[in-house]
$ cat query39.txt   # compact mmCIF, C-alpha atoms
# COMPACT_ATOMS: atom_id res chain seq x y z
CA MET F 1 -24.52 306.10 -66.17
CA PHE F 2 -26.31 306.15 -62.82
CA ARG F 3 -28.91 303.47 -62.18
CA LYS F 4 -30.59 302.57 -58.90
CA THR F 5 -30.67 298.98 -57.71
CA LYS F 6 -33.95 297.22 -58.38
CA LYS F 7 -35.69 296.12 -55.20
CA ASN F 8 -37.57 292.82 -54.83
CA GLN F 9 -36.14 291.14 -57.91
CA GLN F 10 -37.99 288.06 -59.17
CA LEU F 11 -36.66 284.70 -58.02
CA ASN F 12 -35.33 282.31 -60.65
CA LEU F 13 -37.11 278.96 -60.60
CA PHE F 14 -33.88 276.99 -61.07
CA SER F 15 -31.15 279.13 -59.45
CA SER F 16 -32.75 280.86 -56.46
CA ASN F 17 -30.97 280.24 -53.17
CA SER F 18 -33.97 278.51 -51.60
CA THR F 19 -34.14 275.89 -54.36
CA LEU F 20 -30.56 274.80 -53.59
CA LEU F 21 -31.35 273.79 -49.99
CA ARG F 22 -33.61 271.27 -48.31
CA GLY F 23 -34.88 270.40 -44.83
CA ASN F 24 -33.23 271.94 -41.77
CA ALA F 25 -30.61 273.73 -43.88
CA LEU F 26 -33.40 275.62 -45.66
CA ASN F 27 -35.18 276.44 -42.39
CA VAL F 28 -32.00 277.89 -40.87
CA PHE F 29 -31.18 279.80 -44.06
CA GLU F 30 -34.62 281.45 -44.16
CA ASP F 31 -34.72 282.23 -40.41
CA ALA F 32 -35.19 286.00 -40.07
CA LYS F 33 -32.82 286.04 -37.07
CA GLU F 34 -29.86 284.69 -39.03
CA TRP F 35 -27.12 287.32 -39.55
CA HIS F 36 -27.36 287.46 -43.35
CA ASN F 37 -31.11 288.14 -43.22
CA GLN F 38 -30.64 290.75 -40.47
CA PHE F 39 -27.90 292.47 -42.46
CA ARG F 40 -29.96 292.59 -45.65
CA THR F 41 -33.20 293.69 -43.95
CA HIS F 42 -31.91 296.26 -41.47
CA PHE F 43 -28.93 297.66 -43.35
CA LEU F 44 -28.71 296.92 -47.07
CA GLU F 45 -32.38 297.59 -47.88
CA ASN F 46 -32.26 300.90 -45.98
CA ILE F 47 -29.46 302.37 -48.11
CA GLU F 48 -30.46 305.38 -50.22
CA GLU F 49 -28.46 305.39 -53.46
CA GLU F 50 -29.47 308.86 -54.72
CA PRO F 51 -26.57 310.72 -52.98
CA PHE F 52 -24.13 308.69 -55.16
CA ARG F 53 -25.62 309.93 -58.44
CA PRO F 54 -22.94 312.67 -58.92
CA LEU F 55 -20.23 309.97 -59.05
CA PHE F 56 -21.53 308.74 -62.41
CA CYS F 57 -22.27 310.21 -65.82
CA GLY F 58 -25.88 311.34 -66.07
CA ASP F 59 -26.65 310.42 -69.68
CA ASN F 60 -23.85 308.30 -71.12
CA GLY F 61 -21.96 305.06 -70.57
CA ALA F 62 -22.86 301.65 -69.21
CA PRO F 63 -25.08 301.51 -66.08
CA ASN F 64 -23.23 301.30 -62.77
CA ALA F 65 -23.02 298.16 -60.67
CA SER F 66 -25.36 298.00 -57.67
CA ILE F 67 -24.30 300.66 -55.17
CA CYS F 68 -26.05 298.81 -52.33
CA VAL F 69 -24.07 295.67 -53.10
CA MET F 70 -20.71 297.47 -53.23
CA ILE F 71 -21.36 299.29 -49.93
CA GLY F 72 -22.49 295.99 -48.42
CA MET F 73 -19.25 294.36 -49.60
CA MET F 74 -17.20 297.10 -47.90
CA VAL F 75 -19.00 296.52 -44.60
CA LEU F 76 -18.74 292.72 -44.78
CA LYS F 77 -15.03 292.96 -45.56
CA GLU F 78 -14.33 294.98 -42.41
CA ALA F 79 -16.74 292.99 -40.24
CA HIS F 80 -15.03 289.69 -41.14
CA GLY F 81 -11.47 291.02 -41.43
CA MET F 82 -11.08 289.89 -45.04
CA SER F 83 -8.73 290.89 -47.82
CA ASP F 84 -10.32 292.18 -51.03
CA ALA F 85 -9.44 288.96 -52.86
CA LEU F 86 -10.99 286.76 -50.17
CA LEU F 87 -14.08 288.99 -50.05
CA HIS F 88 -14.56 288.64 -53.80
CA ASP F 89 -14.23 284.84 -53.72
CA THR F 90 -16.57 284.57 -50.72
CA CYS F 91 -19.25 286.69 -52.41
CA LEU F 92 -18.97 284.48 -55.48
CA TYR F 93 -19.55 281.16 -53.74
CA ASN F 94 -20.86 281.69 -50.17
CA ILE F 95 -24.66 281.53 -50.16
CA ARG F 96 -24.99 283.46 -46.88
CA PHE F 97 -22.87 286.35 -48.16
CA ARG F 98 -24.86 286.45 -51.39
CA SER F 99 -28.11 286.53 -49.42
CA ALA F 100 -26.74 289.34 -47.20
CA LEU F 101 -26.02 291.34 -50.37
CA GLY F 102 -29.57 290.85 -51.66
CA MET F 103 -28.57 288.31 -54.34
CA HIS F 104 -31.41 285.81 -54.14
CA ASN F 105 -30.42 284.01 -57.35
CA PHE F 106 -27.13 282.15 -57.49
CA ASP F 107 -26.48 283.18 -61.08
CA GLU F 108 -26.54 286.91 -60.33
CA PRO F 109 -23.07 288.41 -61.00
CA ILE F 110 -21.23 290.39 -58.31
CA PRO F 111 -19.26 293.54 -59.15
CA ALA F 112 -15.76 292.92 -60.47
CA LEU F 113 -12.90 293.91 -58.18
CA SER F 114 -11.90 296.66 -60.63
CA THR F 115 -15.43 298.11 -60.40
CA TYR F 116 -15.34 297.83 -56.61
CA TYR F 117 -11.96 299.66 -56.48
CA LEU F 118 -13.12 302.39 -58.86
CA PHE F 119 -16.22 303.01 -56.74
CA ARG F 120 -14.13 303.43 -53.58
CA LYS F 121 -11.75 305.76 -55.45
CA ARG F 122 -14.63 307.96 -56.61
CA ILE F 123 -15.96 308.23 -53.05
CA VAL F 124 -12.55 309.39 -51.79
CA GLU F 125 -12.12 311.89 -54.64
CA TRP F 126 -15.62 313.28 -54.08
CA GLU F 127 -14.85 313.91 -50.40
CA LYS F 128 -11.57 315.67 -51.26
CA GLU F 129 -13.29 317.92 -53.80
CA ASN F 130 -16.56 318.61 -51.96
CA GLY F 131 -15.86 317.90 -48.30
CA VAL F 132 -18.73 315.38 -48.12
CA ASN F 133 -18.22 311.81 -46.91
CA LEU F 134 -20.90 309.84 -48.75
CA LEU F 135 -20.39 306.69 -46.68
CA GLU F 136 -20.84 308.69 -43.49
CA ARG F 137 -24.08 310.08 -44.92
CA VAL F 138 -25.27 306.55 -45.72
CA PHE F 139 -24.69 305.31 -42.17
CA SER F 140 -26.42 308.35 -40.67
CA GLN F 141 -29.44 307.87 -42.92
CA VAL F 142 -29.61 304.13 -42.19
CA THR F 143 -29.33 304.77 -38.45
CA GLN F 144 -32.21 307.27 -38.62
CA LYS F 145 -34.41 304.59 -40.15
CA GLN F 146 -33.32 302.07 -37.53
CA PHE F 147 -34.24 304.53 -34.74
CA VAL F 148 -37.82 304.47 -35.97
CA GLU F 149 -37.83 300.74 -36.72
CA PHE F 150 -36.46 299.69 -33.31
CA ARG F 151 -38.21 302.49 -31.37
CA ILE F 152 -34.97 303.72 -29.83
CA ASN F 153 -35.03 306.32 -27.05
CA GLY F 154 -32.06 308.63 -27.67
CA ASN F 155 -32.29 310.82 -24.57
CA LYS F 156 -29.26 309.14 -22.95
CA ILE F 157 -25.98 308.81 -24.81
CA ARG F 158 -22.36 307.98 -24.03
CA MET F 159 -19.09 308.37 -25.88
CA ASP F 160 -15.50 307.20 -25.69
CA SER F 161 -12.39 307.34 -27.85
CA LYS F 162 -9.81 304.78 -28.89
CA LEU F 163 -6.45 305.03 -30.60
CA LEU F 164 -6.12 303.13 -33.86
CA GLY F 165 -2.63 302.43 -35.14
CA SER F 166 -2.03 303.06 -38.81
CA ASN F 167 -0.94 300.05 -40.83
CA ILE F 168 2.51 301.52 -41.41
CA ALA F 169 6.05 300.63 -40.39
CA TRP F 170 7.43 302.38 -37.31
CA TYR F 171 10.13 304.56 -38.83
CA SER F 172 12.95 306.13 -36.87
CA ARG F 173 13.67 309.79 -37.63
CA TYR F 174 16.37 308.88 -40.12
CA GLU F 175 14.24 306.18 -41.80
CA LEU F 176 11.35 308.66 -42.21
CA ILE F 177 13.56 311.21 -43.97
CA HIS F 178 15.33 308.54 -46.03
CA GLU F 179 12.11 306.89 -47.27
CA THR F 180 10.31 310.18 -47.97
CA LEU F 181 13.24 311.34 -50.10
CA ARG F 182 13.24 308.05 -52.03
CA LEU F 183 9.53 308.40 -52.84
CA ALA F 184 9.75 312.08 -53.79
CA TYR F 185 12.74 311.61 -56.09
CA LYS F 186 10.55 309.59 -58.47
CA GLU F 187 8.72 312.84 -59.29
CA VAL F 188 11.90 314.86 -59.88
CA GLU F 189 13.06 315.87 -63.35
CA ASN F 190 16.08 314.01 -64.75
CA ASN F 191 18.31 317.12 -64.80
CA PHE F 192 17.97 317.77 -61.06
CA SER F 193 21.46 316.32 -60.38
CA LYS F 194 23.09 319.44 -61.86
CA HIS F 195 22.06 321.33 -58.70
CA LEU F 196 24.01 318.95 -56.40
CA SER F 197 27.68 318.65 -55.59
CA LYS F 198 29.42 315.37 -56.46
CA ALA F 199 29.46 314.34 -52.78
CA ASN F 200 25.72 314.96 -52.39
CA GLN F 201 25.01 313.24 -55.71
CA SER F 202 26.92 310.18 -54.48
CA LEU F 203 24.98 310.16 -51.19
CA LEU F 204 21.68 310.54 -53.05
CA ASN F 205 22.51 307.52 -55.21
CA GLU F 206 23.17 305.51 -52.03
CA VAL F 207 19.81 306.57 -50.58
CA LEU F 208 17.97 305.60 -53.74
CA SER F 209 19.62 302.18 -53.85
CA GLU F 210 18.48 300.87 -50.43
CA SER F 211 15.71 301.22 -47.88
CA GLY F 212 16.07 303.42 -44.81
CA GLU F 213 15.82 300.36 -42.56
CA LYS F 214 18.89 298.75 -44.12
CA ALA F 215 20.87 302.00 -43.92
CA SER F 216 20.03 302.56 -40.24
CA TYR F 217 21.41 299.11 -39.39
CA ARG F 218 24.70 299.70 -41.21
CA TYR F 219 25.64 303.02 -39.59
CA ASN F 220 26.38 303.99 -36.00
CA LYS F 221 24.79 306.91 -34.14
CA SER F 222 27.35 309.56 -35.16
CA GLU F 223 27.22 308.46 -38.82
CA ILE F 224 23.41 308.62 -38.79
CA GLU F 225 23.53 312.18 -37.39
CA SER F 226 26.01 313.18 -40.08
CA ARG F 227 23.85 311.71 -42.82
CA LEU F 228 20.80 313.52 -41.39
CA SER F 229 22.53 316.86 -41.97
CA GLN F 230 23.68 315.85 -45.46
CA LEU F 231 20.20 314.64 -46.44
CA GLY F 232 18.75 317.91 -45.16
CA ALA F 233 20.94 319.87 -47.59
CA ILE F 234 19.91 317.59 -50.49
CA ILE F 235 16.22 317.87 -49.63
CA PHE F 236 16.42 321.66 -49.30
CA THR F 237 17.93 321.86 -52.77
CA LEU F 238 15.33 319.47 -54.16
CA ILE F 239 12.27 321.27 -52.78
CA SER F 240 13.73 324.62 -53.85
CA HIS F 241 13.72 323.48 -57.48
CA SER F 242 10.63 321.27 -57.53
CA LYS F 243 6.90 321.71 -57.13
CA GLY F 244 4.06 319.21 -57.03
CA LYS F 245 0.35 318.87 -56.31
CA PRO F 246 -0.78 319.35 -52.66
CA GLU F 247 -0.74 315.60 -51.95
CA SER F 248 2.24 314.68 -54.11
CA ALA F 249 5.37 313.04 -52.70
CA ILE F 250 7.31 316.28 -53.31
CA GLU F 251 4.91 318.26 -51.11
CA ILE F 252 5.01 315.56 -48.42
CA LEU F 253 8.81 315.82 -48.51
CA ARG F 254 8.51 319.61 -48.16
CA LYS F 255 6.37 319.19 -45.01
CA VAL F 256 8.77 316.61 -43.56
CA PHE F 257 11.71 318.95 -44.18
CA TYR F 258 10.20 321.90 -42.30
CA GLN F 259 9.06 319.60 -39.48
CA GLN F 260 12.52 318.05 -39.07
CA TYR F 261 14.95 320.83 -40.05
CA GLU F 262 15.59 324.53 -39.65
CA VAL F 263 17.52 326.82 -41.99
CA ILE F 264 19.83 329.33 -40.31
CA ASP F 265 21.97 331.62 -42.50
CA ASP F 266 21.46 329.29 -45.48
CA LYS F 267 22.70 326.36 -43.40
CA VAL F 268 20.38 323.36 -42.91
CA LEU F 269 20.35 321.96 -39.38
CA PRO F 270 18.29 319.09 -37.91
CA LEU F 271 15.83 320.27 -35.28
CA PRO F 272 16.39 319.05 -31.70
CA LYS F 273 14.11 316.09 -31.00
CA GLU F 274 12.21 317.95 -28.28
CA LYS F 275 11.12 320.57 -30.85
CA ILE F 276 9.54 318.02 -33.20
CA GLU F 277 5.77 318.09 -32.70
CA ALA F 278 3.48 315.08 -32.33
CA THR F 279 1.52 316.36 -35.34
CA SER F 280 4.54 315.84 -37.61
CA ILE F 281 4.34 313.29 -40.43
CA GLN F 282 5.14 309.77 -39.22
CA SER F 283 5.28 308.02 -42.59
CA PRO F 284 5.28 309.17 -46.24
CA HIS F 285 2.82 306.34 -46.94
CA ASP F 286 0.23 307.75 -44.49
CA PRO F 287 0.93 311.48 -44.06
CA ASP F 288 -2.30 312.13 -42.12
CA CYS F 289 -1.46 309.97 -39.10
CA HIS F 290 0.05 311.54 -35.97
CA TYR F 291 1.94 310.34 -32.91
CA ARG F 292 0.42 310.09 -29.43
CA LYS F 293 1.25 308.49 -26.11
CA LYS F 294 -1.75 307.45 -24.02
CA ASP F 295 -1.77 305.33 -20.86
CA ASP F 296 1.95 304.55 -21.34
CA LYS F 297 1.26 303.22 -24.85
CA SER F 298 2.62 304.85 -27.99
CA CYS F 299 0.56 305.04 -31.16
CA LYS F 300 1.16 306.32 -34.68
CA GLY F 301 -2.25 306.64 -36.24
CA TYR F 302 -5.66 308.02 -35.45
CA SER F 303 -8.11 308.70 -32.65
CA ILE F 304 -11.63 307.37 -33.15
CA ASN F 305 -14.55 308.79 -31.14
CA VAL F 306 -17.69 306.64 -30.96
CA THR F 307 -21.06 307.83 -29.61
CA GLU F 308 -24.01 305.56 -28.92
CA THR F 309 -27.37 305.56 -27.17
CA CYS F 310 -27.42 303.98 -23.70
CA ASN F 311 -30.98 304.15 -22.39
CA PRO F 312 -31.59 300.92 -20.38
CA GLU F 313 -35.18 300.85 -21.68
CA ASN F 314 -33.98 300.20 -25.25
CA ASP F 315 -33.93 296.60 -26.48
CA VAL F 316 -30.88 297.56 -28.56
CA ASN F 317 -28.69 300.65 -28.65
CA LEU F 318 -27.27 302.19 -31.80
CA VAL F 319 -24.01 303.91 -32.69
CA THR F 320 -24.94 307.47 -33.66
CA SER F 321 -21.59 309.07 -34.49
CA VAL F 322 -18.09 307.95 -35.45
CA ILE F 323 -15.47 310.67 -35.85
CA VAL F 324 -11.90 309.93 -36.95
CA GLU F 325 -9.07 312.41 -36.44
CA PRO F 326 -5.25 312.17 -36.22
CA ALA F 327 -4.01 310.63 -32.96
CA SER F 328 -2.92 314.00 -31.55
CA PHE F 329 -6.53 315.24 -31.56
CA ALA F 330 -7.74 315.97 -28.00
CA ASP F 331 -10.69 313.92 -26.73
CA CYS F 332 -12.42 317.03 -25.37
CA ASP F 333 -12.63 318.48 -28.88
CA PHE F 334 -14.78 315.55 -30.02
CA LEU F 335 -17.68 316.31 -27.67
CA ILE F 336 -19.54 319.14 -29.39
CA PRO F 337 -19.45 317.80 -32.99
CA ALA F 338 -20.35 314.29 -31.75
CA VAL F 339 -23.37 315.54 -29.79
CA LYS F 340 -24.53 317.69 -32.72
CA ALA F 341 -24.23 314.76 -35.14
CA THR F 342 -26.13 312.54 -32.71
CA GLN F 343 -28.87 315.12 -32.23
CA GLU F 344 -29.55 315.16 -35.97
CA ILE F 345 -30.09 311.40 -35.91
CA VAL F 346 -31.97 310.70 -32.68
CA GLY F 347 -34.54 313.46 -32.98
CA ASP F 348 -35.14 313.23 -29.21
CA VAL F 349 -33.87 315.81 -26.75
CA ILE F 350 -30.56 314.58 -25.34
CA GLU F 351 -30.84 314.73 -21.54
CA THR F 352 -27.78 312.83 -20.31
CA LEU F 353 -24.25 312.43 -21.67
CA ASN F 354 -21.80 309.97 -20.08
CA ASP F 355 -18.07 310.10 -20.74
CA ASP F 356 -14.75 310.31 -18.90
CA GLY F 357 -12.55 313.12 -17.64
CA ALA F 358 -10.73 313.52 -20.95
CA TYR F 359 -13.84 315.25 -22.34
CA HIS F 360 -13.94 317.89 -19.60
CA LYS F 361 -13.22 321.51 -20.48
CA PRO F 362 -15.08 324.78 -19.80
CA LEU F 363 -16.35 325.17 -23.38
CA ASN F 364 -17.97 321.72 -23.25
CA GLU F 365 -19.61 322.45 -19.89
CA THR F 366 -21.03 325.70 -21.28
CA PHE F 367 -22.35 323.83 -24.33
CA CYS F 368 -24.03 321.19 -22.15
CA ASP F 369 -25.54 323.79 -19.84
CA LYS F 370 -26.91 325.75 -22.80
CA ASN F 371 -28.51 322.61 -24.26
CA LYS F 372 -29.74 321.40 -20.83
CA ILE F 373 -27.63 318.22 -21.02
CA ASP F 374 -26.60 316.55 -17.76
CA HIS F 375 -22.90 315.91 -18.39
CA VAL F 376 -21.88 312.93 -16.23
CA ILE F 377 -18.08 312.59 -16.09
CA SER F 378 -16.11 309.69 -14.64
CA ALA F 379 -12.37 309.39 -14.00
CA ILE F 380 -11.46 313.07 -13.86
CA GLN F 381 -7.93 313.65 -15.17
CA GLY F 382 -5.13 314.78 -12.86
CA LYS F 383 -4.26 314.14 -9.20
CA PRO F 384 -7.12 313.80 -6.68
CA ALA F 385 -7.93 317.18 -5.15
CA ARG F 386 -7.36 317.69 -1.44
CA TYR F 387 -10.63 319.61 -1.03
CA VAL F 388 -14.09 318.63 -2.22
CA TYR F 389 -16.67 321.39 -2.64
CA SER F 390 -20.44 321.20 -2.15
CA PHE F 391 -23.37 323.27 -0.90
CA ASN F 392 -24.94 322.65 2.52
CA ALA F 393 -28.57 322.91 3.58
CA ASN F 394 -28.22 326.70 3.93
CA ASN F 395 -26.90 326.93 0.34
CA GLU F 396 -23.45 327.83 1.64
CA LEU F 397 -20.37 326.60 -0.22
CA VAL F 398 -18.35 324.26 1.99
CA ALA F 399 -14.89 322.76 1.45
CA THR F 400 -14.19 319.31 2.90
CA ASP F 401 -10.55 318.40 3.58
CA MET F 402 -10.15 314.84 2.23
CA GLN F 403 -7.12 314.26 4.48
CA THR F 404 -8.56 315.38 7.83
CA GLY F 405 -12.29 315.33 7.15
CA LYS F 406 -12.66 318.88 8.46
CA VAL F 407 -15.30 321.11 6.83
CA TYR F 408 -14.78 324.83 6.12
CA ILE F 409 -17.43 327.43 5.23
CA CYS F 410 -16.46 329.38 2.11
CA ARG F 411 -17.18 333.10 1.83
CA LYS F 412 -17.85 334.70 -1.55
CA VAL F 413 -15.24 337.31 -2.44
CA LYS F 414 -16.71 340.79 -2.88
CA THR F 415 -15.58 342.84 -5.87
CA HIS F 416 -16.52 346.13 -7.49
CA LYS F 417 -15.76 344.89 -11.00
CA ILE F 418 -18.92 344.08 -12.97
CA ASP F 419 -17.27 341.43 -15.17
CA ALA F 420 -15.19 339.83 -12.41
CA VAL F 421 -15.09 336.03 -12.27
CA PRO F 422 -16.82 334.88 -9.05
CA LYS F 423 -14.52 333.48 -6.36
CA TRP F 424 -14.87 332.08 -2.86
CA VAL F 425 -12.33 331.95 -0.04
CA PHE F 426 -11.78 330.07 3.22
CA VAL F 427 -8.99 329.98 5.78
CA ASP F 428 -7.46 326.59 6.63
CA ASP F 429 -6.03 325.49 10.02
CA ASP F 430 -2.61 326.93 9.10
CA GLY F 431 -4.16 330.36 8.60
CA GLU F 432 -3.64 330.22 4.83
CA ARG F 433 -6.30 331.79 2.64
CA ARG F 434 -7.46 329.36 -0.08
CA TYR F 435 -9.38 330.69 -3.05
CA VAL F 436 -12.00 328.64 -4.88
CA THR F 437 -13.11 329.20 -8.51
CA GLN F 438 -16.25 328.07 -10.29
CA LYS F 439 -14.15 325.66 -12.37
CA MET F 440 -12.88 323.98 -9.17
CA ILE F 441 -16.46 323.65 -7.94
CA ASP F 442 -17.67 322.19 -11.26
CA THR F 443 -14.79 319.70 -11.35
CA SER F 444 -15.52 318.67 -7.77

$ encode --input "query39.txt" --output "C-alpha cells"
Amino acid sequence: MFRKTKKNQQLNLFSSNSTLLRGNALNVFEDAKEWHNQFRTHFLENIEEEPFRPLFCGDNGAPNASICVMIGMMVLKEAHGMSDALLHDTCLYNIRFRSALGMHNFDEPIPALSTYYLFRKRIVEWEKENGVNLLERVFSQVTQKQFVEFRINGNKIRMDSKLLGSNIAWYSRYELIHETLRLAYKEVENNFSKHLSKANQSLLNEVLSESGEKASYRYNKSEIESRLSQLGAIIFTLISHSKGKPESAIEILRKVFYQQYEVIDDKVLPLPKEKIEATSIQSPHDPDCHYRKKDDKSCKGYSINVTETCNPENDVNLVTSVIVEPASFADCDFLIPAVKATQEIVGDVIETLNDDGAYHKPLNETFCDKNKIDHVISAIQGKPARYVYSFNANNELVATDMQTGKVYICRKVKTHKIDAVPKWVFVDDDGERRYVTQKMIDTS
C-alpha cells in the first residue's frame, strides 16, 4: 500500500545522530556544507513521491518503505561505486550515509535489500509497460526546484556525448552465437531433439556442455567456420519450432540468427562479416547494446548525451538532460530532444548552444534558427575545407583560398525555378567554375 515518507520526523532523545557525537565531530557533522547535509537538503527533500503511487496497491497490503530513501540509496551507490551489499552495510552503520538519507535517529531501519530490489524491478516494469521513466521524472523535477533555489540562468547551455561500455564480455562472432544458443535452449521443450539429425543433436550436446570461450580456444579457424554453419542449421530449426515472449532468450536467439545468417533455398549460410550491422546484438546478456568505433576506440555499449547550463554568471551549473541510447546512435540525433527536455526545466529562453561538429546537420540548424538559438559549433567533422566563405562590407559573398590567401567574389546563380536551392559560383585561377551551397556557407 502506498504511503508517503513523513517529513521532519521527531528526534529520539537517546538515539538521534547528534547525541552520539561531541565537540568538533558534532560541529563538522552539523555543518550545512558537508556533503551528507547538501545531499539531503538539495536532493532528497526535493523528491516528489506521488508519481510512484501506481507501483503499489492502493488499498491493501503493508505500507511501502520510504521511496525517498530507496532513490537516495540508488544515487549514493552509483556516486560511490558500491556494490549493493556494501551499500546496505554502509547505510546500516555509517552515520553520514544515514544522515544523507534523512535518518536522523540511529535506530531507524533501512529498507531490506529484497525491498530495494523489488522497487527497482517495479520501476523497470513500469517503464516497459507505460513508456515512462519515473527516475528520469524525479531528476527533472528536482532540477526544476534547484533552478529556483540556486537562481540559475539557463539561457546558455552546452552538450556532449560519451560512449559507455556495457559490463559484458567481448564475444567473438562464434562465442555470441554459441552462448545465445545455450541460453535459449533452457526455454525449449524436452521433445525438441526429435527435429534434429543425430549429428546435429551431438553437436548441440557439445555446445550445451561448455562455454563459447572454451570452444573457440579448442578449434582452429576452419573448424570454427564449419561449426558456425552447423549451429546456424540447428538454430533455424529451433526458432522454427519455438516461440517466446518479446524479451525471452528464444526471441533474442531469433534476432541473432537473422543478424548473422541468411537462408537461401532452405540452406542456412553465415553472412559475410561486412554485412553484419553495428546495431546487431553484441551479447545475449545485454541485447540492447550496440557496437561503435569512435576516435580509434571500439565500444560495445551505449552513448550517453549530457546537457548542462554554462552561463558564467551562475555560481553553479546544473545538468538538465541525460539521454542514453545504443552506441550506434548518432550524436546529431541527440540535439533536438536534449534541447526540448532542457527547455522544459530551465524555463528561460535558450539563447546559446555550444557543442562540437558531431551535432551538425541541416535539420538541427533549421531547429536552432526557428527557436532563435545561436548554435556555436567547434571541431567540425571532416577534412579542413580549402575555401572559407564570408560576406564583405558590400554584403557580397567572398571565398578565401586557405592555401594561397586569394579572395574571390561569388556571384549568385540565377534560376527560373521557384523552389530552386540557392547557389553561388566563382571562377578560380585555373578557370574552373566552383559552386557554393548554403550548407557550405553555414559550415564555414

$ residues_near_point --input "query39.txt" --point "(-26.9, 311.2, -55.1)" --cutoff "12 Å" --atoms "all atoms listed in the file" --output "list in words"
Phe2, Arg3, Lys4, Ile47, Glu48, Glu49, Glu50, Pro51, Phe52, Arg53, Pro54, Leu55, Phe56, Cys57, Gly58, Ile67, Ile123, Trp126, Val132, Asn133, Leu134, Leu135, Arg137 and Val138 of chain F

$ write_last_selection --input "query39.txt" --atoms "C-alpha atoms" --output "compact mmCIF listing (two decimals), keeping the file's coordinate frame"
# COMPACT_ATOMS: atom_id res chain seq x y z
CA PHE F 2 -26.31 306.15 -62.82
CA ARG F 3 -28.91 303.47 -62.18
CA LYS F 4 -30.59 302.57 -58.90
CA ILE F 47 -29.46 302.37 -48.11
CA GLU F 48 -30.46 305.38 -50.22
CA GLU F 49 -28.46 305.39 -53.46
CA GLU F 50 -29.47 308.86 -54.72
CA PRO F 51 -26.57 310.72 -52.98
CA PHE F 52 -24.13 308.69 -55.16
CA ARG F 53 -25.62 309.93 -58.44
CA PRO F 54 -22.94 312.67 -58.92
CA LEU F 55 -20.23 309.97 -59.05
CA PHE F 56 -21.53 308.74 -62.41
CA CYS F 57 -22.27 310.21 -65.82
CA GLY F 58 -25.88 311.34 -66.07
CA ILE F 67 -24.30 300.66 -55.17
CA ILE F 123 -15.96 308.23 -53.05
CA TRP F 126 -15.62 313.28 -54.08
CA VAL F 132 -18.73 315.38 -48.12
CA ASN F 133 -18.22 311.81 -46.91
CA LEU F 134 -20.90 309.84 -48.75
CA LEU F 135 -20.39 306.69 -46.68
CA ARG F 137 -24.08 310.08 -44.92
CA VAL F 138 -25.27 306.55 -45.72

$ atom_distance --input "query39.txt" --atom1 "atom CA of F:Asp331" --atom2 "atom CA of F:Tyr302"
11.7 Å

$ atom_distance --input "query39.txt" --atom1 "atom CA of F:Gly301" --atom2 "atom CA of F:Asp333"
17.4 Å

$ closest_residue --input "query39.txt" --among "F:Met103, F:Ala338, F:Leu181, F:Cys68" --to "F:Ser16" --atoms "only C-alpha atoms"
F:Met103

$ residues_near_point --input "query39.txt" --point "(-13.5, 320.6, -11.7)" --cutoff "10 Å" --atoms "only C-alpha atoms" --output "VMD selection string"
chain F and resid 357 360 to 362 380 to 381 385 388 to 389 437 to 444

$ residues_around --input "query39.txt" --residues "F:Pro284" --least-positions-apart "6" --cutoff "8 Å" --atoms "all atoms listed in the file" --output "PyMOL selection string"
chain F and resi 176+179-180+183+249+252-253

$ residues_around --input "query39.txt" --residues "F:Asn205" --least-positions-apart "5" --cutoff "12 Å" --atoms "all atoms listed in the file" --output "list in words"
His178, Leu181, Arg182, Tyr185, Ser193, Leu196, Lys198, Ala199, Asn200, Glu210, Ser211, Leu231 and Ile234 of chain F

$ residues_around --input "query39.txt" --residues "F:Thr41" --least-positions-apart "5" --cutoff "12 Å" --atoms "all atoms listed in the file" --output "PyMOL selection string"
chain F and resi 7-8+32-36+46-47+72+99-102+142+145-146+149

$ residues_around --input "query39.txt" --residues "F:Leu318" --least-positions-apart "2" --cutoff "9 Å" --atoms "all atoms listed in the file" --output "list in words"
Thr143, Gln146, Phe147, Ile152, Thr307, Glu308, Thr309, Cys310, Val316 and Thr320 of chain F

$ atom_distance --input "query39.txt" --atom1 "atom CA of F:Gly131" --atom2 "atom CA of F:Cys289"
18.8 Å

$ residues_around --input "query39.txt" --residues "F:Gly165" --least-positions-apart "6" --cutoff "10 Å" --atoms "only C-alpha atoms" --output "PyMOL selection string"
chain F and resi 289-291+298-303+327

$ closest_residue --input "query39.txt" --among "F:Phe426, F:Leu203, F:Pro246, F:Val319" --to "F:Ile345" --atoms "all atoms listed in the file"
F:Val319

$ closest_residue --input "query39.txt" --among "F:Ile95, F:Val407, F:Val256, F:Ile304" --to "F:Leu164" --atoms "only C-alpha atoms"
F:Ile304

$ closest_residue --input "query39.txt" --among "F:Cys368, F:Leu269, F:Ile224, F:Leu238" --to "F:Leu204" --atoms "all atoms listed in the file"
F:Leu238

$ closest_residue --input "query39.txt" --among "F:Asn17, F:Gln343, F:Thr352, F:Asn64" --to "F:Ser140" --atoms "all atoms listed in the file"
F:Gln343

$ closest_residue --input "query39.txt" --among "F:Ile323, F:Val268, F:Ala330, F:Ala112" --to "F:Lys294" --atoms "all atoms listed in the file"
F:Ala330

$ closest_atom_pairs --input "query39.txt" --of "stretch 139-223 of chain F" --to "stretch 271-281 of chain F" --cutoff "12 Å" --atoms "all atoms listed in the file" --output "tab-separated table"
residue	atom	partner	partner_atom	distance
F:Ile168	CA	F:Ile281	CA	12.0
F:Trp170	CA	F:Ile281	CA	11.8
F:Tyr171	CA	F:Ile281	CA	10.6
F:Ser172	CA	F:Lys273	CA	11.6
F:Arg173	CA	F:Lys273	CA	9.2
F:Tyr174	CA	F:Lys273	CA	11.8
F:Leu176	CA	F:Ile281	CA	8.6
F:Ile177	CA	F:Ile281	CA	10.1
F:Thr180	CA	F:Ile281	CA	10.1

$ write_last_selection --input "query39.txt" --atoms "C-alpha atoms" --output "short mmCIF file (atom, residue, chain, number, x, y, z; two decimals), in the frame of the given file"
data_model
loop_
_atom_site.label_atom_id
_atom_site.label_comp_id
_atom_site.auth_asym_id
_atom_site.auth_seq_id
_atom_site.Cartn_x
_atom_site.Cartn_y
_atom_site.Cartn_z
CA ILE F 168 2.51 301.52 -41.41
CA TRP F 170 7.43 302.38 -37.31
CA TYR F 171 10.13 304.56 -38.83
CA SER F 172 12.95 306.13 -36.87
CA ARG F 173 13.67 309.79 -37.63
CA TYR F 174 16.37 308.88 -40.12
CA LEU F 176 11.35 308.66 -42.21
CA ILE F 177 13.56 311.21 -43.97
CA THR F 180 10.31 310.18 -47.97
#
